[in-house]
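J.: Provided herewith: final20.txt, compact mmCIF, C-alpha atoms.
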```txt
# COMPACT_ATOMS: atom_id res chain seq x y z
CA MET J 18 5.82 23.28 -38.15
CA ASN J 19 2.84 21.30 -39.38
CA ALA J 20 1.63 21.25 -43.00
CA GLU J 21 -0.33 24.50 -42.51
CA GLY J 22 2.61 26.36 -41.02
CA GLY J 23 1.41 26.15 -37.43
CA PRO J 24 3.06 24.47 -34.46
CA ASP J 25 3.30 20.68 -34.30
CA LEU J 26 1.84 20.77 -30.79
CA VAL J 27 -0.16 23.34 -28.83
CA VAL J 28 0.04 22.97 -25.07
CA ALA J 29 -2.77 24.70 -23.19
CA GLY J 30 -1.47 25.41 -19.69
CA ALA J 31 2.04 26.25 -18.50
CA GLY J 32 2.18 23.96 -15.48
CA GLY J 33 2.85 20.26 -15.78
CA GLY J 34 2.15 20.65 -19.49
CA LEU J 35 5.62 22.18 -19.84
CA ALA J 36 6.96 18.64 -19.60
CA ALA J 37 5.19 17.95 -22.89
CA ALA J 38 6.61 21.11 -24.43
CA LEU J 39 10.15 20.22 -23.40
CA ARG J 40 9.86 16.59 -24.41
CA ALA J 41 8.29 17.38 -27.79
CA ALA J 42 10.86 20.08 -28.52
CA SER J 43 13.69 17.69 -27.67
CA LEU J 44 12.23 15.30 -30.24
CA GLY J 45 12.33 17.98 -32.94
CA LEU J 46 8.78 19.37 -32.77
CA ASP J 47 7.73 23.03 -32.74
CA VAL J 48 5.57 23.82 -29.74
CA LEU J 49 3.29 26.70 -28.75
CA VAL J 50 2.38 27.09 -25.07
CA VAL J 51 -0.86 28.99 -24.42
CA GLU J 52 -1.31 30.34 -20.89
CA THR J 53 -3.88 32.69 -19.37
CA ASN J 54 -1.95 33.81 -16.29
CA GLU J 55 0.94 36.22 -16.79
CA HIS J 56 2.30 35.09 -13.39
CA PHE J 57 1.94 31.38 -14.08
CA ALA J 58 5.34 30.52 -12.59
CA VAL J 59 3.93 31.19 -9.12
CA GLY J 60 0.17 30.96 -9.46
CA ASN J 61 -0.83 27.60 -10.91
CA ASN J 62 -1.45 24.26 -9.23
CA THR J 63 1.95 22.85 -10.15
CA ALA J 64 3.61 25.78 -8.39
CA MET J 65 1.40 25.24 -5.35
CA SER J 66 2.34 21.56 -5.02
CA THR J 67 4.96 20.04 -2.72
CA ALA J 68 6.87 18.85 -5.80
CA MET J 69 6.56 15.14 -5.02
CA ILE J 70 6.95 12.90 -8.08
CA PRO J 71 6.72 9.13 -7.58
CA GLY J 72 9.26 7.08 -9.53
CA ALA J 73 9.04 3.32 -9.05
CA GLY J 74 12.37 1.64 -9.78
CA SER J 75 14.44 4.81 -10.20
CA ARG J 76 18.21 4.91 -9.89
CA TRP J 77 17.92 6.95 -6.68
CA GLN J 78 15.95 4.10 -5.16
CA ARG J 79 18.55 1.57 -6.26
CA ASP J 80 21.31 3.72 -4.75
CA ALA J 81 19.35 3.87 -1.49
CA GLY J 82 18.70 0.14 -1.47
CA VAL J 83 14.94 0.53 -2.02
CA ASP J 84 13.44 -2.51 -3.74
CA ASP J 85 10.57 -1.15 -5.82
CA SER J 86 8.86 -1.79 -9.13
CA ALA J 87 6.03 -0.52 -11.27
CA GLU J 88 4.00 -3.58 -10.24
CA THR J 89 4.46 -2.77 -6.56
CA PHE J 90 3.42 0.82 -7.20
CA VAL J 91 0.29 -0.31 -9.06
CA GLY J 92 -0.51 -2.55 -6.11
CA ASP J 93 -0.29 0.43 -3.76
CA ILE J 94 -2.54 2.50 -6.02
CA MET J 95 -5.16 -0.24 -6.23
CA ALA J 96 -4.99 -0.88 -2.48
CA LYS J 97 -5.39 2.81 -1.60
CA THR J 98 -8.32 3.17 -4.02
CA HIS J 99 -9.92 -0.16 -3.02
CA ASP J 100 -9.50 -1.34 -6.63
CA GLU J 101 -11.52 1.63 -7.93
CA ALA J 102 -8.70 3.29 -9.91
CA ASP J 103 -8.41 2.63 -13.63
CA SER J 104 -5.89 -0.20 -13.60
CA ALA J 105 -4.76 0.43 -17.20
CA LEU J 106 -3.89 4.06 -16.52
CA ALA J 107 -2.31 3.18 -13.17
CA THR J 108 -0.14 0.60 -14.94
CA THR J 109 0.81 3.10 -17.63
CA LEU J 110 1.81 5.84 -15.22
CA ALA J 111 3.59 3.55 -12.78
CA GLY J 112 5.43 2.03 -15.71
CA VAL J 113 6.72 5.37 -16.98
CA SER J 114 7.36 6.92 -13.55
CA ALA J 115 11.04 5.99 -13.20
CA GLU J 116 11.76 6.94 -16.80
CA LEU J 117 10.03 10.26 -16.18
CA VAL J 118 12.04 11.29 -13.11
CA GLU J 119 15.29 10.22 -14.72
CA TRP J 120 14.44 12.20 -17.87
CA LEU J 121 13.61 15.26 -15.77
CA ALA J 122 16.99 15.01 -14.10
CA ASP J 123 19.15 14.01 -17.07
CA GLU J 124 17.57 15.91 -19.94
CA VAL J 125 15.81 18.82 -18.20
CA GLY J 126 18.45 19.25 -15.50
CA MET J 127 16.05 19.16 -12.58
CA PRO J 128 17.91 18.63 -9.26
CA LEU J 129 15.88 15.68 -8.03
CA SER J 130 16.55 13.47 -5.03
CA LEU J 131 14.68 10.70 -3.22
CA VAL J 132 12.72 11.63 -0.09
CA THR J 133 14.00 9.21 2.55
CA ASP J 134 13.25 10.93 5.87
CA PHE J 135 9.62 9.76 6.06
CA ASP J 136 7.00 7.88 4.06
CA TYR J 137 3.69 9.24 2.82
CA PRO J 138 0.50 7.31 3.66
CA GLY J 139 -0.25 4.51 1.21
CA HIS J 140 3.19 4.20 -0.36
CA SER J 141 4.70 0.86 0.67
CA ARG J 142 8.07 1.95 -0.68
CA THR J 143 10.09 5.15 -0.49
CA ARG J 144 9.49 6.42 -4.03
CA CYS J 145 8.73 10.15 -4.00
CA HIS J 146 11.34 12.36 -5.67
CA THR J 147 11.56 16.11 -5.18
CA VAL J 148 13.66 19.24 -5.57
CA PRO J 149 15.54 21.18 -2.86
CA GLY J 150 13.06 22.93 -0.59
CA ARG J 151 10.35 20.48 -1.70
CA SER J 152 8.59 23.39 -3.36
CA GLY J 153 6.38 23.23 -6.41
CA ARG J 154 7.31 26.80 -7.19
CA SER J 155 10.99 25.85 -7.43
CA MET J 156 10.18 22.87 -9.61
CA LEU J 157 7.98 24.88 -11.95
CA SER J 158 10.52 27.71 -12.14
CA HIS J 159 13.02 25.19 -13.45
CA LEU J 160 10.59 23.93 -16.11
CA VAL J 161 9.73 27.49 -17.13
CA ARG J 162 13.37 28.51 -17.40
CA GLU J 163 14.24 25.52 -19.57
CA ALA J 164 11.16 25.96 -21.79
CA ARG J 165 11.72 29.69 -22.30
CA ARG J 166 15.23 29.19 -23.59
CA HIS J 167 14.41 26.33 -25.94
CA PRO J 168 14.38 27.58 -29.57
CA ARG J 169 11.49 25.30 -30.55
CA ILE J 170 9.12 26.49 -27.81
CA ASP J 171 7.08 29.69 -28.08
CA PHE J 172 4.81 31.18 -25.42
CA LEU J 173 1.54 33.03 -25.96
CA VAL J 174 0.78 34.82 -22.67
CA PRO J 175 -1.73 36.04 -21.64
CA ALA J 176 -3.93 33.99 -23.92
CA HIS J 177 -6.91 31.70 -23.53
CA LEU J 178 -7.65 28.53 -25.44
CA ASP J 179 -11.25 29.11 -26.49
CA ASP J 180 -11.78 26.06 -28.67
CA VAL J 181 -10.25 23.15 -30.52
CA LEU J 182 -11.37 22.65 -34.12
CA VAL J 183 -11.63 19.13 -35.53
CA GLY J 184 -11.86 18.01 -39.15
CA GLU J 185 -12.31 14.62 -40.76
CA SER J 186 -8.82 13.47 -39.81
CA GLY J 187 -8.82 14.91 -36.28
CA VAL J 188 -7.61 18.15 -34.71
CA ARG J 189 -6.90 20.85 -37.30
CA ALA J 190 -6.65 24.11 -35.34
CA VAL J 191 -7.15 25.95 -32.08
CA VAL J 192 -8.97 29.21 -31.42
CA VAL J 193 -7.04 31.42 -29.02
CA SER J 194 -8.01 34.80 -27.61
CA THR J 195 -5.48 37.42 -26.51
CA PRO J 196 -5.86 41.07 -25.47
CA GLY J 197 -5.58 41.84 -29.19
CA GLY J 198 -8.48 39.59 -30.16
CA ALA J 199 -9.14 36.01 -31.22
CA GLU J 200 -7.17 34.06 -33.81
CA GLU J 201 -7.23 30.61 -35.34
CA ILE J 202 -3.91 28.74 -35.22
CA PRO J 203 -3.51 25.60 -37.35
CA THR J 204 -2.14 22.52 -35.59
CA ASP J 205 -2.58 18.77 -35.65
CA ALA J 206 -2.17 18.17 -31.92
CA VAL J 207 -3.38 19.83 -28.73
CA LEU J 208 -2.60 18.93 -25.13
CA LEU J 209 -5.23 20.12 -22.66
CA ALA J 210 -3.24 20.78 -19.48
CA THR J 211 -5.32 23.51 -17.84
CA ASN J 212 -6.07 21.45 -14.71
CA GLY J 213 -9.54 20.49 -13.53
CA PHE J 214 -12.60 22.32 -12.22
CA ALA J 215 -11.87 22.93 -8.53
CA ALA J 216 -12.31 26.69 -8.95
CA ASN J 217 -15.79 26.13 -10.38
CA ARG J 218 -17.96 25.95 -7.27
CA ASP J 219 -21.02 24.77 -9.16
CA LEU J 220 -19.17 21.80 -10.65
CA VAL J 221 -17.58 20.95 -7.30
CA ALA J 222 -20.96 21.03 -5.58
CA GLN J 223 -22.34 18.80 -8.34
CA HIS J 224 -19.60 16.18 -8.39
CA ALA J 225 -17.87 16.36 -4.97
CA PRO J 226 -20.39 17.91 -2.54
CA GLU J 227 -18.60 16.64 0.59
CA ILE J 228 -15.71 19.08 0.01
CA ALA J 229 -17.67 21.98 -1.47
CA ASP J 230 -17.53 24.00 1.77
CA ALA J 231 -13.75 23.72 2.15
CA VAL J 232 -11.33 26.52 1.40
CA TYR J 233 -10.17 26.34 -2.22
CA HIS J 234 -6.39 26.47 -2.43
CA GLY J 235 -5.44 26.35 -6.10
CA SER J 236 -5.34 28.25 -9.34
CA GLU J 237 -8.37 30.39 -10.10
CA ALA J 238 -7.98 29.30 -13.74
CA SER J 239 -9.04 25.73 -12.87
CA THR J 240 -12.61 26.31 -14.01
CA GLY J 241 -13.16 23.21 -16.13
CA ASP J 242 -12.28 24.65 -19.54
CA ALA J 243 -10.59 21.44 -20.68
CA LEU J 244 -13.55 19.39 -19.53
CA SER J 245 -15.91 21.63 -21.49
CA ILE J 246 -13.84 21.55 -24.68
CA GLY J 247 -13.16 17.82 -24.49
CA THR J 248 -16.75 16.76 -23.88
CA ARG J 249 -17.97 19.07 -26.64
CA LEU J 250 -15.70 17.14 -29.01
CA GLY J 251 -17.10 13.82 -27.84
CA GLY J 252 -14.60 12.96 -25.11
CA ALA J 253 -15.75 10.63 -22.35
CA THR J 254 -15.26 11.52 -18.67
CA ALA J 255 -14.37 9.48 -15.60
CA TYR J 256 -13.99 9.88 -11.83
CA LEU J 257 -15.49 13.36 -11.70
CA ASP J 258 -16.12 12.89 -7.97
CA ALA J 259 -12.40 12.43 -7.25
CA TYR J 260 -10.35 15.20 -5.67
CA GLN J 261 -7.31 15.98 -3.57
CA GLY J 262 -8.13 17.61 -0.31
CA HIS J 263 -5.72 18.73 2.39
CA ALA J 264 -6.41 18.97 6.10
CA ALA J 265 -3.49 21.22 6.97
CA LEU J 266 -3.92 24.67 5.47
CA ALA J 267 -2.59 27.07 8.11
CA MET J 268 -4.73 30.11 8.75
CA PRO J 269 -4.98 32.99 8.31
CA ALA J 270 -1.99 33.10 5.91
CA ALA J 271 -3.25 30.07 3.92
CA THR J 272 0.17 28.42 3.90
CA LEU J 273 0.60 24.66 3.81
CA THR J 274 1.69 23.18 7.12
CA GLY J 275 2.36 19.82 5.53
CA TRP J 276 1.43 16.28 6.52
CA ALA J 277 5.04 15.45 7.33
CA THR J 278 4.18 16.88 10.75
CA VAL J 279 1.71 14.05 11.29
CA MET J 280 3.97 11.35 9.88
CA HIS J 281 6.66 12.46 12.33
CA GLY J 282 4.23 12.06 15.25
CA ALA J 283 1.99 15.13 15.41
CA PHE J 284 -1.79 14.84 15.79
CA LEU J 285 -4.89 16.95 15.14
CA VAL J 286 -7.48 18.06 17.71
CA ASP J 287 -10.78 19.91 17.62
CA ARG J 288 -11.73 22.90 19.75
CA HIS J 289 -12.39 20.51 22.66
CA GLY J 290 -8.77 19.36 22.52
CA ARG J 291 -9.76 15.89 21.32
CA ARG J 292 -8.60 13.85 18.35
CA PHE J 293 -11.32 12.74 15.98
CA GLY J 294 -9.76 10.16 13.65
CA ASP J 295 -6.68 8.35 12.38
CA GLU J 296 -4.63 11.14 10.85
CA THR J 297 -2.26 8.73 9.10
CA THR J 298 -4.95 7.52 6.68
CA GLY J 299 -3.93 10.46 4.49
CA TYR J 300 -4.10 14.21 4.27
CA SER J 301 -6.53 14.18 1.34
CA GLU J 302 -9.40 12.28 2.95
CA TYR J 303 -8.75 13.91 6.33
CA ALA J 304 -9.90 17.25 4.94
CA ALA J 305 -13.48 15.95 4.88
CA ALA J 306 -12.98 14.55 8.39
CA VAL J 307 -12.11 18.02 9.68
CA LEU J 308 -15.24 19.39 8.01
CA GLN J 309 -17.50 16.68 9.35
CA HIS J 310 -16.11 16.04 12.83
CA ALA J 311 -14.38 19.27 13.85
CA ASP J 312 -16.71 21.88 12.35
CA GLY J 313 -14.05 22.86 9.83
CA GLN J 314 -11.45 23.99 12.37
CA ALA J 315 -8.59 21.95 13.82
CA TRP J 316 -5.15 22.37 15.37
CA ILE J 317 -2.01 20.37 14.63
CA ILE J 318 -0.09 19.67 17.84
CA LEU J 319 3.67 19.14 17.49
CA ASP J 320 6.95 19.61 19.35
CA ALA J 321 10.42 21.01 18.65
CA ARG J 322 11.67 17.73 17.17
CA ILE J 323 8.93 17.76 14.54
CA ASP J 324 9.37 21.46 13.92
CA GLU J 325 13.03 20.84 13.10
CA ALA J 326 12.30 17.76 10.97
CA CYS J 327 9.83 19.71 8.83
CA SER J 328 12.19 22.62 8.23
CA VAL J 329 13.29 20.92 4.98
CA PHE J 330 9.93 21.96 3.50
CA GLN J 331 9.68 25.52 2.19
CA ASP J 332 5.93 25.39 2.78
CA TYR J 333 6.48 24.70 6.47
CA LEU J 334 9.07 27.46 6.69
CA ASP J 335 6.50 29.83 5.15
CA THR J 336 3.97 28.70 7.75
CA ARG J 337 6.47 29.29 10.52
CA ALA J 338 7.38 32.72 9.11
CA SER J 339 3.70 33.71 9.01
CA GLY J 340 3.48 33.35 12.79
CA ALA J 341 1.03 30.47 12.60
CA VAL J 342 3.15 28.14 14.77
CA LYS J 343 2.25 29.02 18.37
CA TRP J 344 4.52 27.79 21.19
CA ALA J 345 4.04 27.18 24.92
CA ASP J 346 5.80 25.30 27.71
CA THR J 347 2.84 23.09 28.62
CA ALA J 348 -0.28 21.68 26.98
CA ARG J 349 -2.49 23.81 29.26
CA GLU J 350 -0.67 27.03 28.38
CA LEU J 351 -0.82 26.15 24.68
CA ALA J 352 -4.54 25.43 24.83
CA GLU J 353 -5.26 28.71 26.59
CA GLN J 354 -3.14 30.60 24.04
CA VAL J 355 -4.90 29.23 20.95
CA GLY J 356 -8.40 28.98 22.43
CA ILE J 357 -9.08 25.26 22.82
CA ASP J 358 -10.14 23.25 25.87
CA ALA J 359 -7.15 22.83 28.19
CA ASP J 360 -8.36 19.74 30.04
CA GLY J 361 -9.12 18.01 26.75
CA LEU J 362 -5.70 18.76 25.27
CA GLU J 363 -3.87 17.63 28.42
CA GLN J 364 -5.75 14.33 28.38
CA THR J 365 -5.19 13.85 24.64
CA LEU J 366 -1.47 14.57 24.90
CA ALA J 367 -1.05 12.09 27.78
CA ARG J 368 -2.88 9.37 25.85
CA THR J 369 -0.89 9.92 22.64
CA GLN J 370 2.32 9.69 24.65
CA ARG J 371 1.22 6.32 26.05
CA MET J 372 0.31 5.11 22.55
CA ALA J 373 3.63 6.26 21.12
CA ARG J 374 5.42 4.30 23.87
CA GLY J 375 3.35 1.22 23.08
CA ASP J 376 1.52 1.31 26.43
CA ALA J 377 -1.94 1.83 24.90
CA GLN J 378 -3.83 1.28 21.66
CA ASP J 379 -5.66 3.96 19.74
CA GLU J 380 -9.40 3.43 19.64
CA LEU J 381 -9.40 5.58 16.47
CA GLY J 382 -7.13 3.12 14.69
CA ARG J 383 -3.82 4.94 14.42
CA THR J 384 -0.81 2.63 14.76
CA SER J 385 2.03 4.85 13.51
CA TRP J 386 3.61 7.12 16.13
CA GLU J 387 7.18 7.98 15.27
CA GLN J 388 7.86 9.26 18.77
CA GLU J 389 5.93 10.79 21.65
CA LEU J 390 5.73 14.57 21.91
CA THR J 391 7.92 16.01 24.65
CA GLY J 392 9.12 19.39 25.93
CA ARG J 393 7.71 22.61 24.54
CA LEU J 394 4.65 22.19 22.36
CA ALA J 395 3.30 24.06 19.37
CA ALA J 396 -0.11 24.35 17.73
CA VAL J 397 -0.99 25.38 14.19
CA ALA J 398 -4.59 26.35 13.46
CA VAL J 399 -5.62 24.66 10.21
CA ARG J 400 -8.65 24.47 7.99
CA PRO J 401 -9.53 21.82 5.40
CA ALA J 402 -8.87 22.73 1.79
CA LEU J 403 -9.67 21.55 -1.70
CA PHE J 404 -6.50 21.53 -3.81
CA HIS J 405 -7.61 20.11 -7.15
CA THR J 406 -10.01 17.70 -8.76
CA GLN J 407 -8.78 14.25 -9.79
CA GLY J 408 -11.33 13.35 -12.47
CA GLY J 409 -11.68 14.54 -16.04
CA LEU J 410 -11.47 13.41 -19.63
CA ARG J 411 -10.89 9.71 -20.17
CA VAL J 412 -7.48 9.03 -21.74
CA ASP J 413 -5.60 6.02 -23.07
CA GLU J 414 -1.98 4.91 -22.59
CA HIS J 415 -0.77 7.70 -24.91
CA ALA J 416 -2.76 10.43 -23.09
CA ARG J 417 -5.18 10.60 -26.03
CA VAL J 418 -8.71 11.68 -25.16
CA VAL J 419 -11.13 8.88 -26.00
CA ASP J 420 -14.88 8.77 -26.54
CA ASP J 421 -17.43 6.49 -24.85
CA SER J 422 -16.39 3.58 -27.06
CA ALA J 423 -12.70 4.09 -26.15
CA THR J 424 -11.90 5.41 -29.64
CA PRO J 425 -9.24 8.16 -29.56
CA ILE J 426 -10.06 11.64 -30.84
CA ALA J 427 -7.11 12.10 -33.20
CA GLY J 428 -4.76 14.85 -32.10
CA LEU J 429 -6.49 15.59 -28.78
CA TYR J 430 -4.57 14.85 -25.57
CA ALA J 431 -5.14 15.61 -21.89
CA ALA J 432 -2.91 15.60 -18.81
CA GLY J 433 -3.10 16.38 -15.11
CA GLY J 434 -6.41 17.59 -13.76
CA ALA J 435 -7.83 17.87 -17.27
CA ALA J 436 -7.65 14.07 -17.51
CA MET J 437 -8.99 11.33 -15.32
CA GLY J 438 -6.58 10.47 -12.55
CA ILE J 439 -5.51 7.36 -10.65
CA SER J 440 -7.12 8.19 -7.30
CA GLY J 441 -10.35 6.26 -7.71
CA HIS J 442 -13.45 7.96 -6.35
CA GLY J 443 -13.68 10.65 -3.70
CA ALA J 444 -10.60 11.69 -1.70
CA GLY J 445 -9.58 8.47 0.01
CA GLY J 446 -7.62 7.04 -2.90
CA TYR J 447 -5.19 9.93 -3.20
CA LEU J 448 -1.51 9.08 -2.80
CA ALA J 449 1.24 11.70 -2.57
CA GLY J 450 2.25 12.44 -6.14
CA ASN J 451 -1.09 11.49 -7.70
CA GLY J 452 -1.37 15.06 -8.92
CA LEU J 453 2.08 15.57 -10.43
CA LEU J 454 2.51 12.08 -11.89
CA PRO J 455 -0.55 12.38 -14.20
CA ALA J 456 0.39 16.00 -14.95
CA LEU J 457 3.99 15.33 -15.91
CA GLY J 458 3.65 11.70 -16.92
CA LEU J 459 0.71 12.11 -19.29
CA SER J 460 2.38 15.19 -20.76
CA TYR J 461 5.53 13.18 -21.39
CA LEU J 462 3.54 10.34 -22.99
CA ALA J 463 1.54 12.75 -25.16
CA ALA J 464 4.71 14.34 -26.51
CA ASN J 465 6.17 10.93 -27.29
CA HIS J 466 3.05 9.95 -29.21
CA VAL J 467 2.85 13.17 -31.22
CA ALA J 468 6.52 12.86 -32.15
CA ALA J 469 6.12 9.22 -33.14
CA GLY J 470 3.39 10.19 -35.59
CA ARG J 471 5.56 12.74 -37.41
```
Could the structure of this file be written out as structure tokens, please?

T.:
Amino acid sequence: MNAEGGPDLVVAGAGGGLAAALRAASLGLDVLVVETNEHFAVGNNTAMSTAMIPGAGSRWQRDAGVDDSAETFVGDIMAKTHDEADSALATTLAGVSAELVEWLADEVGMPLSLVTDFDYPGHSRTRCHTVPGRSGRSMLSHLVREARRHPRIDFLVPAHLDDVLVGESGVRAVVVSTPGGAEEIPTDAVLLATNGFAANRDLVAQHAPEIADAVYHGSEASTGDALSIGTRLGGATAYLDAYQGHAALAMPAATLTGWATVMHGAFLVDRHGRRFGDETTGYSEYAAAVLQHADGQAWIILDARIDEACSVFQDYLDTRASGAVKWADTARELAEQVGIDADGLEQTLARTQRMARGDAQDELGRTSWEQELTGRLAAVAVRPALFHTQGGLRVDEHARVVDDSATPIAGLYAAGGAAMGISGHGAGGYLAGNGLLPALGLSYLAANHVAAGR
């Protein structure tokens, strides 16, 4: 407890912020987690992720013979963002990434392993770690279970963090509302981990208008509360135009097909049966491409080999179970079944097969074709989606919120979508794991800093 009898740390948001709760508690601090959603274990953005956590230089990489380093990871981040990402934060998060995944496995007991069956766009090394089923829900359930049984962690659910009160020496209390009313809870440290503002359509239209018409696929609690509280206390902001999109939300069940389909050789077509870009640039930026070049409706074309390869993803299994994966013996039959131009799809399939064999080059720029599609074919109708924003409160290497002069606001921390990310501007700089690494990594760093000050 702090000097006033309150918790040493208040964590607002029971997603990635639980990493801060667990880390702080393991270092001897008393923690209070404040969460609005009673069903947070299944309904927040962490639960809706594919549970990919980059770890540059981890022991799993060494065991697999992968030569990686934090410096290499930073290079990938800067290359993907065209040097627009904050290099200091990128260096901080890349530097702690291996320590983070090893701590999650060794201290939190998370069953992590290295994803070696394919590489995500932009990562020059195999460095994403995940849990069985590659499901954010499974990963979050593990964090929740560990946090709930820790004697130093308390939960206040449902509850809303209304405000953070600051005195001369920094944070002194939080104001929290529950069904029983509002109360002031003394504390010296608060982590804002309530995600960004993707559920706030006005803010999305203001800062990221190119994706404003996409389906929103994330927590309805991501309304920008942390941004509002932080800026009111003098916090600076950065990269508010950054976001993670996804071009593969299967309809009508709104399940995630997954971009592993593409990396294994699938491609996307419009209603005319034609491709409209290089799908391997990344699933985030391709969401806007579907909006702009395919009128917001596309189909992923795959075969049985890819269907089997993607069965390691729970999200893909959910998509399959929803009936969204439509099969046919030929491209013409498939096109007629799903309502796209048959001649166009036949021509596109034949050309992609030639490109995959190395007999032709792609005028759209794609060079990666794992293998040509053969045999029975499948189509999944997909729409572009907005998953979460990637900009927010400016933070330093300890996850402390800073003002316009880079001076920390004592006791105020931010992580995940509440903080600025490492994706640069727009959607093109997003790398797989750019959501979870700032969520878990900044939470971990915040807990370390709070504990060091005790």

J.: Counting all atoms listed in the file, select every polymer residue within 12 Å of (-12.3, 9.8, -20.2) as defined in the file's coordinates, and provide the selection as number ranges by chain.

T.: J: 103, 106, 243-244, 247-248, 250-257, 407-414, 416-426, 429-432, 434-439

J.: Just C-alpha atoms for this one: save the residues we selected as a PDB file, in the frame of the given file.

T.:
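Full text of out-v7.pdb as output:
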```
ATOM      1  CA  ASP J 103      -8.410   2.630 -13.630  1.00  0.00           C
ATOM      2  CA  LEU J 106      -3.890   4.060 -16.520  1.00  0.00           C
ATOM      3  CA  ALA J 243     -10.590  21.440 -20.680  1.00  0.00           C
ATOM      4  CA  LEU J 244     -13.550  19.390 -19.530  1.00  0.00           C
ATOM      5  CA  GLY J 247     -13.160  17.820 -24.490  1.00  0.00           C
ATOM      6  CA  THR J 248     -16.750  16.760 -23.880  1.00  0.00           C
ATOM      7  CA  LEU J 250     -15.700  17.140 -29.010  1.00  0.00           C
ATOM      8  CA  GLY J 251     -17.100  13.820 -27.840  1.00  0.00           C
ATOM      9  CA  GLY J 252     -14.600  12.960 -25.110  1.00  0.00           C
ATOM     10  CA  ALA J 253     -15.750  10.630 -22.350  1.00  0.00           C
ATOM     11  CA  THR J 254     -15.260  11.520 -18.670  1.00  0.00           C
ATOM     12  CA  ALA J 255     -14.370   9.480 -15.600  1.00  0.00           C
ATOM     13  CA  TYR J 256     -13.990   9.880 -11.830  1.00  0.00           C
ATOM     14  CA  LEU J 257     -15.490  13.360 -11.700  1.00  0.00           C
ATOM     15  CA  GLN J 407      -8.780  14.250  -9.790  1.00  0.00           C
ATOM     16  CA  GLY J 408     -11.330  13.350 -12.470  1.00  0.00           C
ATOM     17  CA  GLY J 409     -11.680  14.540 -16.040  1.00  0.00           C
ATOM     18  CA  LEU J 410     -11.470  13.410 -19.630  1.00  0.00           C
ATOM     19  CA  ARG J 411     -10.890   9.710 -20.170  1.00  0.00           C
ATOM     20  CA  VAL J 412      -7.480   9.030 -21.740  1.00  0.00           C
ATOM     21  CA  ASP J 413      -5.600   6.020 -23.070  1.00  0.00           C
ATOM     22  CA  GLU J 414      -1.980   4.910 -22.590  1.00  0.00           C
ATOM     23  CA  ALA J 416      -2.760  10.430 -23.090  1.00  0.00           C
ATOM     24  CA  ARG J 417      -5.180  10.600 -26.030  1.00  0.00           C
ATOM     25  CA  VAL J 418      -8.710  11.680 -25.160  1.00  0.00           C
ATOM     26  CA  VAL J 419     -11.130   8.880 -26.000  1.00  0.00           C
ATOM     27  CA  ASP J 420     -14.880   8.770 -26.540  1.00  0.00           C
ATOM     28  CA  ASP J 421     -17.430   6.490 -24.850  1.00  0.00           C
ATOM     29  CA  SER J 422     -16.390   3.580 -27.060  1.00  0.00           C
ATOM     30  CA  ALA J 423     -12.700   4.090 -26.150  1.00  0.00           C
ATOM     31  CA  THR J 424     -11.900   5.410 -29.640  1.00  0.00           C
ATOM     32  CA  PRO J 425      -9.240   8.160 -29.560  1.00  0.00           C
ATOM     33  CA  ILE J 426     -10.060  11.640 -30.840  1.00  0.00           C
ATOM     34  CA  LEU J 429      -6.490  15.590 -28.780  1.00  0.00           C
ATOM     35  CA  TYR J 430      -4.570  14.850 -25.570  1.00  0.00           C
ATOM     36  CA  ALA J 431      -5.140  15.610 -21.890  1.00  0.00           C
ATOM     37  CA  ALA J 432      -2.910  15.600 -18.810  1.00  0.00           C
ATOM     38  CA  GLY J 434      -6.410  17.590 -13.760  1.00  0.00           C
ATOM     39  CA  ALA J 435      -7.830  17.870 -17.270  1.00  0.00           C
ATOM     40  CA  ALA J 436      -7.650  14.070 -17.510  1.00  0.00           C
ATOM     41  CA  MET J 437      -8.990  11.330 -15.320  1.00  0.00           C
ATOM     42  CA  GLY J 438      -6.580  10.470 -12.550  1.00  0.00           C
ATOM     43  CA  ILE J 439      -5.510   7.360 -10.650  1.00  0.00           C
TER      44      ILE J 439
END
```

J.: I want to know what sits within 6 Å of Ala216 of chain J, based on all atoms listed in the file, with residues of the same chain fewer than 5 positions away left out; could you give that as a list in words?

T.: Glu237, Ser239 and Thr240 of chain J

J.: Of the candidates J:Gly112, J:Pro401, J:Gly433, J:Gly33, which one gets nearest to Ala229 of chain J if we count all atoms listed in the file?

T.: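 Comparing J:Gly112, J:Pro401, J:Gly433, J:Gly33 against Ala229 of chain J, the winner is J:Pro401.
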
J.: List as a ChimeraX atom specification the protein and nucleic acid residues near Gly34 of chain J, meaning an atom at most 7 Å away when all atoms listed in the file are counted, but skip any in the same chain fewer than 4 places from it.

T.: /J:28,30,38,210,456-457,460

J.: For Cys145 of chain J, which residue out of J:Leu453, J:Asp230, J:Leu49, J:Gly235 is the nearest one, using all atoms listed in the file?

T.: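 The shortest atom-to-atom distance to Cys145 of chain J comes from J:Leu453.
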
J.: To one decimal place, how far is atom CA of His405 of chain J from atom CA of Gln309 of chain J in Å?

T.: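 A separation of 19.5 Å between them.
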
J.: Mind checking which residues fall within 8 Å of Thr98 of chain J, counting all atoms listed in the file, ignoring those fewer than 6 positions away in the same chain, and posting them as an mmCIF file with C-alpha atoms, keeping the file's coordinate frame?

T.:
```cif
data_model
loop_
_atom_site.group_PDB
_atom_site.id
_atom_site.type_symbol
_atom_site.label_atom_id
_atom_site.label_comp_id
_atom_site.auth_asym_id
_atom_site.auth_seq_id
_atom_site.Cartn_x
_atom_site.Cartn_y
_atom_site.Cartn_z
ATOM 1 C CA SER J 440 -7.120 8.190 -7.300
ATOM 2 C CA GLY J 441 -10.350 6.260 -7.710
ATOM 3 C CA HIS J 442 -13.450 7.960 -6.350
ATOM 4 C CA GLY J 445 -9.580 8.470 0.010
ATOM 5 C CA GLY J 446 -7.620 7.040 -2.900
ATOM 6 C CA TYR J 447 -5.190 9.930 -3.200
#
```
